[in-house]
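Visitor: Just dropping this structure here.
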Amino acid sequence: MNFQRDVATGVRLLLVVVAVLVNLQPAWAVKSARLATAADYRRSIDPLITVQNYGTSYVEDGAADDSVVYPAGTEPSGGYRQPAPAVVDLIRLGERGLPILIDCLSDGRRTKMQFEGNTITSTMDVPVGYVCLDILMSEVSGQLVLEPDCADDGLGACVNYGFYFRPDDYYQCIKETCTPRPWVLVVQRKWSSAYLTHRLRVHNPYDEFPIDEYAHLRTKKK
């Protein structure tokens, strides 16, 4: 009887220790609660995985100019290419697309979008989480996320601290999926908090610049 009582006591103590350790895990280790339904997520994000050509790539010193939202054409013709339909579909959701894009930030599935790398990182297929961040940065306005009147260029230029991670902030890329680094989860929680407290303002990015190639994507005046 004493032995059974001691075992039961030991099990209870072990459960208490486990519970304490779980509650003490750092904030970055806890994923944000899902904001979108599974069906909406699959409907909008899975098509980004299957895009064969985004018409552009990310480079270390020119990310602001090479977005999936505004894929620039190549010389000598220049101009702008049409964004992938999957990107346009997400932008057209407006505010309804915010929870989907925020949920996507920690999604490590690889896309055909390329990051050209640098002296540390080799060329890589960018996880869809970064593509979603790119779309978010393009359609969210206001000083909460972006620095006003900023003319800087490059990865993360003009984005306030806590709202940005790099395209190579993923590791352990095995086959079709990468693991997000802890900072990605911190950024996701920052975006999620801003969304839940109604601090994110959304606009149609194609209304911002008078680019002829995107005239059909602008908001129609009533």
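Chain labels follow the order of the structure tokens: the first chain is A, the next B, and so on; residue numbering restarts at 1 in every chain, and ligands are counted from 1 in their shown order.
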Quick one: DSSP alpha helix (DSSP H) residues in region 42-184 of chain A, as a PyMOL selection string?
Guide: chain A and resi 42-50+85-92+98-104+128-139+182-184
Visitor: Output N, CA and C atoms for every residue in the selection just made, as a tab-separated table (two decimals), in the first residue's frame.
Guide:
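Wrote again_17.tsv, looks like this:
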```tsv
chain	number	residue	atom	x	y	z
A	42	ARG	N	-6.64	27.02	-46.53
A	42	ARG	CA	-6.27	26.16	-47.67
A	42	ARG	C	-6.65	26.81	-48.99
A	43	ARG	N	-7.83	27.42	-49.04
A	43	ARG	CA	-8.32	28.01	-50.27
A	43	ARG	C	-7.42	29.15	-50.76
A	44	SER	N	-6.85	29.90	-49.84
A	44	SER	CA	-6.08	31.07	-50.23
A	44	SER	C	-4.57	30.84	-50.26
A	45	ILE	N	-4.05	30.00	-49.37
A	45	ILE	CA	-2.60	29.84	-49.25
A	45	ILE	C	-2.05	28.72	-50.12
A	46	ASP	N	-2.77	27.61	-50.23
A	46	ASP	CA	-2.27	26.51	-51.05
A	46	ASP	C	-1.97	26.93	-52.49
A	47	PRO	N	-2.77	27.82	-53.12
A	47	PRO	CA	-2.43	28.25	-54.48
A	47	PRO	C	-1.08	28.97	-54.57
A	48	LEU	N	-0.62	29.61	-53.49
A	48	LEU	CA	0.69	30.27	-53.51
A	48	LEU	C	1.81	29.25	-53.66
A	49	ILE	N	1.58	28.03	-53.16
A	49	ILE	CA	2.59	26.97	-53.25
A	49	ILE	C	2.74	26.50	-54.69
A	50	THR	N	1.66	26.54	-55.44
A	50	THR	CA	1.67	25.97	-56.79
A	50	THR	C	2.03	26.98	-57.88
A	85	PRO	N	-2.13	35.24	-60.10
A	85	PRO	CA	-3.54	35.30	-59.68
A	85	PRO	C	-3.75	34.98	-58.21
A	86	ALA	N	-2.94	34.07	-57.65
A	86	ALA	CA	-3.09	33.71	-56.24
A	86	ALA	C	-2.79	34.90	-55.33
A	87	VAL	N	-1.85	35.75	-55.76
A	87	VAL	CA	-1.51	36.96	-55.00
A	87	VAL	C	-2.66	37.96	-55.09
A	88	VAL	N	-3.17	38.17	-56.29
A	88	VAL	CA	-4.27	39.12	-56.50
A	88	VAL	C	-5.50	38.69	-55.71
A	89	ASP	N	-5.80	37.40	-55.69
A	89	ASP	CA	-6.97	36.90	-54.98
A	89	ASP	C	-6.89	37.25	-53.49
A	90	LEU	N	-5.69	37.14	-52.92
A	90	LEU	CA	-5.53	37.47	-51.50
A	90	LEU	C	-5.71	38.96	-51.25
A	91	ILE	N	-5.16	39.77	-52.13
A	91	ILE	CA	-5.28	41.22	-51.97
A	91	ILE	C	-6.74	41.65	-52.09
A	92	ARG	N	-7.47	41.03	-52.98
A	92	ARG	CA	-8.88	41.39	-53.17
A	92	ARG	C	-9.74	41.04	-51.95
A	98	LEU	N	-6.56	39.39	-43.92
A	98	LEU	CA	-5.56	39.59	-42.88
A	98	LEU	C	-5.36	38.36	-41.99
A	99	PRO	N	-6.41	37.75	-41.44
A	99	PRO	CA	-6.18	36.58	-40.58
A	99	PRO	C	-5.52	35.43	-41.33
A	100	ILE	N	-5.83	35.29	-42.60
A	100	ILE	CA	-5.23	34.22	-43.40
A	100	ILE	C	-3.74	34.47	-43.58
A	101	LEU	N	-3.38	35.70	-43.94
A	101	LEU	CA	-1.98	36.05	-44.17
A	101	LEU	C	-1.17	35.95	-42.88
A	102	ILE	N	-1.75	36.36	-41.76
A	102	ILE	CA	-1.03	36.30	-40.48
A	102	ILE	C	-0.81	34.85	-40.07
A	103	ASP	N	-1.83	34.01	-40.23
A	103	ASP	CA	-1.66	32.58	-39.94
A	103	ASP	C	-0.55	31.97	-40.79
A	104	CYS	N	-0.37	32.51	-41.97
A	104	CYS	CA	0.58	31.95	-42.94
A	104	CYS	C	2.04	32.20	-42.57
A	128	VAL	N	6.48	29.89	-48.01
A	128	VAL	CA	5.28	30.68	-48.29
A	128	VAL	C	5.02	31.71	-47.19
A	129	GLY	N	5.52	31.46	-45.98
A	129	GLY	CA	5.34	32.41	-44.90
A	129	GLY	C	5.91	33.78	-45.23
A	130	TYR	N	7.06	33.81	-45.91
A	130	TYR	CA	7.64	35.10	-46.28
A	130	TYR	C	6.87	35.76	-47.42
A	131	VAL	N	6.36	34.97	-48.34
A	131	VAL	CA	5.53	35.52	-49.41
A	131	VAL	C	4.31	36.20	-48.80
A	132	CYS	N	3.73	35.59	-47.77
A	132	CYS	CA	2.58	36.20	-47.10
A	132	CYS	C	2.99	37.49	-46.39
A	133	LEU	N	4.17	37.51	-45.80
A	133	LEU	CA	4.66	38.74	-45.17
A	133	LEU	C	4.82	39.85	-46.21
A	134	ASP	N	5.33	39.50	-47.37
A	134	ASP	CA	5.48	40.45	-48.47
A	134	ASP	C	4.14	41.08	-48.83
A	135	ILE	N	3.12	40.25	-48.95
A	135	ILE	CA	1.78	40.76	-49.30
A	135	ILE	C	1.24	41.63	-48.17
A	136	LEU	N	1.42	41.21	-46.93
A	136	LEU	CA	0.97	42.00	-45.78
A	136	LEU	C	1.61	43.39	-45.78
A	137	MET	N	2.93	43.44	-45.97
A	137	MET	CA	3.63	44.72	-45.95
A	137	MET	C	3.16	45.63	-47.07
A	138	SER	N	2.71	45.04	-48.17
A	138	SER	CA	2.26	45.84	-49.31
A	138	SER	C	0.88	46.43	-49.12
A	139	GLU	N	0.02	45.74	-48.36
A	139	GLU	CA	-1.36	46.20	-48.26
A	139	GLU	C	-1.75	46.79	-46.92
A	182	PRO	N	12.82	31.00	-34.29
A	182	PRO	CA	12.00	31.60	-33.22
A	182	PRO	C	11.53	33.01	-33.52
A	183	TRP	N	12.35	33.81	-34.20
A	183	TRP	CA	11.97	35.19	-34.48
A	183	TRP	C	10.73	35.27	-35.37
A	184	VAL	N	10.56	34.31	-36.26
A	184	VAL	CA	9.37	34.30	-37.11
A	184	VAL	C	8.11	34.22	-36.26
```
Visitor: So that I can check the surroundings of Asp125 (chain A), please list as a ChimeraX atom specification every protein, DNA and RNA residue that reaches within 10 Å of it, counting only C-alpha atoms and ignoring chain neighbours fewer than 2 positions away.
Guide: /A:57,109-116,122-123,127-128,167-168,173,176-178
Visitor: So that I have them on file, write out the residues from the current selection with N, CA and C atoms, as a PDB file, in the first residue's frame.
Guide:
```pdb
ATOM      1  N   SER A  57      12.184  37.988 -58.020  1.00  0.00           N
ATOM      2  CA  SER A  57      12.878  37.282 -56.954  1.00  0.00           C
ATOM      3  C   SER A  57      13.299  38.296 -55.902  1.00  0.00           C
ATOM      4  N   ARG A 109       6.315  25.805 -45.802  1.00  0.00           N
ATOM      5  CA  ARG A 109       6.287  25.113 -47.093  1.00  0.00           C
ATOM      6  C   ARG A 109       6.946  25.964 -48.174  1.00  0.00           C
ATOM      7  N   ARG A 110       7.758  25.340 -48.979  1.00  0.00           N
ATOM      8  CA  ARG A 110       8.515  26.084 -49.988  1.00  0.00           C
ATOM      9  C   ARG A 110       7.655  26.436 -51.197  1.00  0.00           C
ATOM     10  N   THR A 111       7.983  27.602 -51.761  1.00  0.00           N
ATOM     11  CA  THR A 111       7.347  28.041 -53.002  1.00  0.00           C
ATOM     12  C   THR A 111       8.404  28.063 -54.105  1.00  0.00           C
ATOM     13  N   LYS A 112       7.988  28.504 -55.296  1.00  0.00           N
ATOM     14  CA  LYS A 112       8.940  28.670 -56.395  1.00  0.00           C
ATOM     15  C   LYS A 112       9.561  30.068 -56.385  1.00  0.00           C
ATOM     16  N   MET A 113       9.143  30.899 -55.445  1.00  0.00           N
ATOM     17  CA  MET A 113       9.745  32.220 -55.299  1.00  0.00           C
ATOM     18  C   MET A 113      11.177  32.062 -54.797  1.00  0.00           C
ATOM     19  N   GLN A 114      12.100  32.840 -55.337  1.00  0.00           N
ATOM     20  CA  GLN A 114      13.510  32.684 -55.017  1.00  0.00           C
ATOM     21  C   GLN A 114      14.056  33.859 -54.203  1.00  0.00           C
ATOM     22  N   PHE A 115      14.916  33.526 -53.241  1.00  0.00           N
ATOM     23  CA  PHE A 115      15.779  34.526 -52.606  1.00  0.00           C
ATOM     24  C   PHE A 115      17.176  34.259 -53.136  1.00  0.00           C
ATOM     25  N   GLU A 116      17.800  35.288 -53.709  1.00  0.00           N
ATOM     26  CA  GLU A 116      19.074  35.087 -54.399  1.00  0.00           C
ATOM     27  C   GLU A 116      20.255  34.904 -53.457  1.00  0.00           C
ATOM     28  N   SER A 122      22.757  30.720 -49.242  1.00  0.00           N
ATOM     29  CA  SER A 122      22.731  30.345 -50.654  1.00  0.00           C
ATOM     30  C   SER A 122      21.358  30.650 -51.243  1.00  0.00           C
ATOM     31  N   THR A 123      21.275  30.638 -52.558  1.00  0.00           N
ATOM     32  CA  THR A 123      19.976  30.794 -53.212  1.00  0.00           C
ATOM     33  C   THR A 123      19.007  29.749 -52.672  1.00  0.00           C
ATOM     34  N   PRO A 127      10.062  30.053 -48.327  1.00  0.00           N
ATOM     35  CA  PRO A 127       8.836  29.514 -47.740  1.00  0.00           C
ATOM     36  C   PRO A 127       7.654  30.453 -47.942  1.00  0.00           C
ATOM     37  N   VAL A 128       6.476  29.890 -48.011  1.00  0.00           N
ATOM     38  CA  VAL A 128       5.279  30.679 -48.289  1.00  0.00           C
ATOM     39  C   VAL A 128       5.020  31.708 -47.192  1.00  0.00           C
ATOM     40  N   PRO A 167      13.638  36.459 -45.520  1.00  0.00           N
ATOM     41  CA  PRO A 167      13.242  35.250 -46.249  1.00  0.00           C
ATOM     42  C   PRO A 167      14.066  34.032 -45.871  1.00  0.00           C
ATOM     43  N   ASP A 168      15.249  34.256 -45.301  1.00  0.00           N
ATOM     44  CA  ASP A 168      16.078  33.118 -44.885  1.00  0.00           C
ATOM     45  C   ASP A 168      15.997  32.876 -43.379  1.00  0.00           C
ATOM     46  N   CYS A 173      15.620  22.920 -43.782  1.00  0.00           N
ATOM     47  CA  CYS A 173      14.783  22.751 -44.968  1.00  0.00           C
ATOM     48  C   CYS A 173      14.965  21.341 -45.511  1.00  0.00           C
ATOM     49  N   GLU A 176      10.194  19.568 -48.984  1.00  0.00           N
ATOM     50  CA  GLU A 176       9.315  20.664 -49.367  1.00  0.00           C
ATOM     51  C   GLU A 176       9.019  21.653 -48.236  1.00  0.00           C
ATOM     52  N   THR A 177       9.598  21.436 -47.066  1.00  0.00           N
ATOM     53  CA  THR A 177       9.231  22.255 -45.908  1.00  0.00           C
ATOM     54  C   THR A 177      10.456  22.697 -45.123  1.00  0.00           C
ATOM     55  N   CYS A 178      10.392  23.944 -44.603  1.00  0.00           N
ATOM     56  CA  CYS A 178      11.417  24.475 -43.713  1.00  0.00           C
ATOM     57  C   CYS A 178      10.799  24.767 -42.343  1.00  0.00           C
TER      58      CYS A 178
END
```
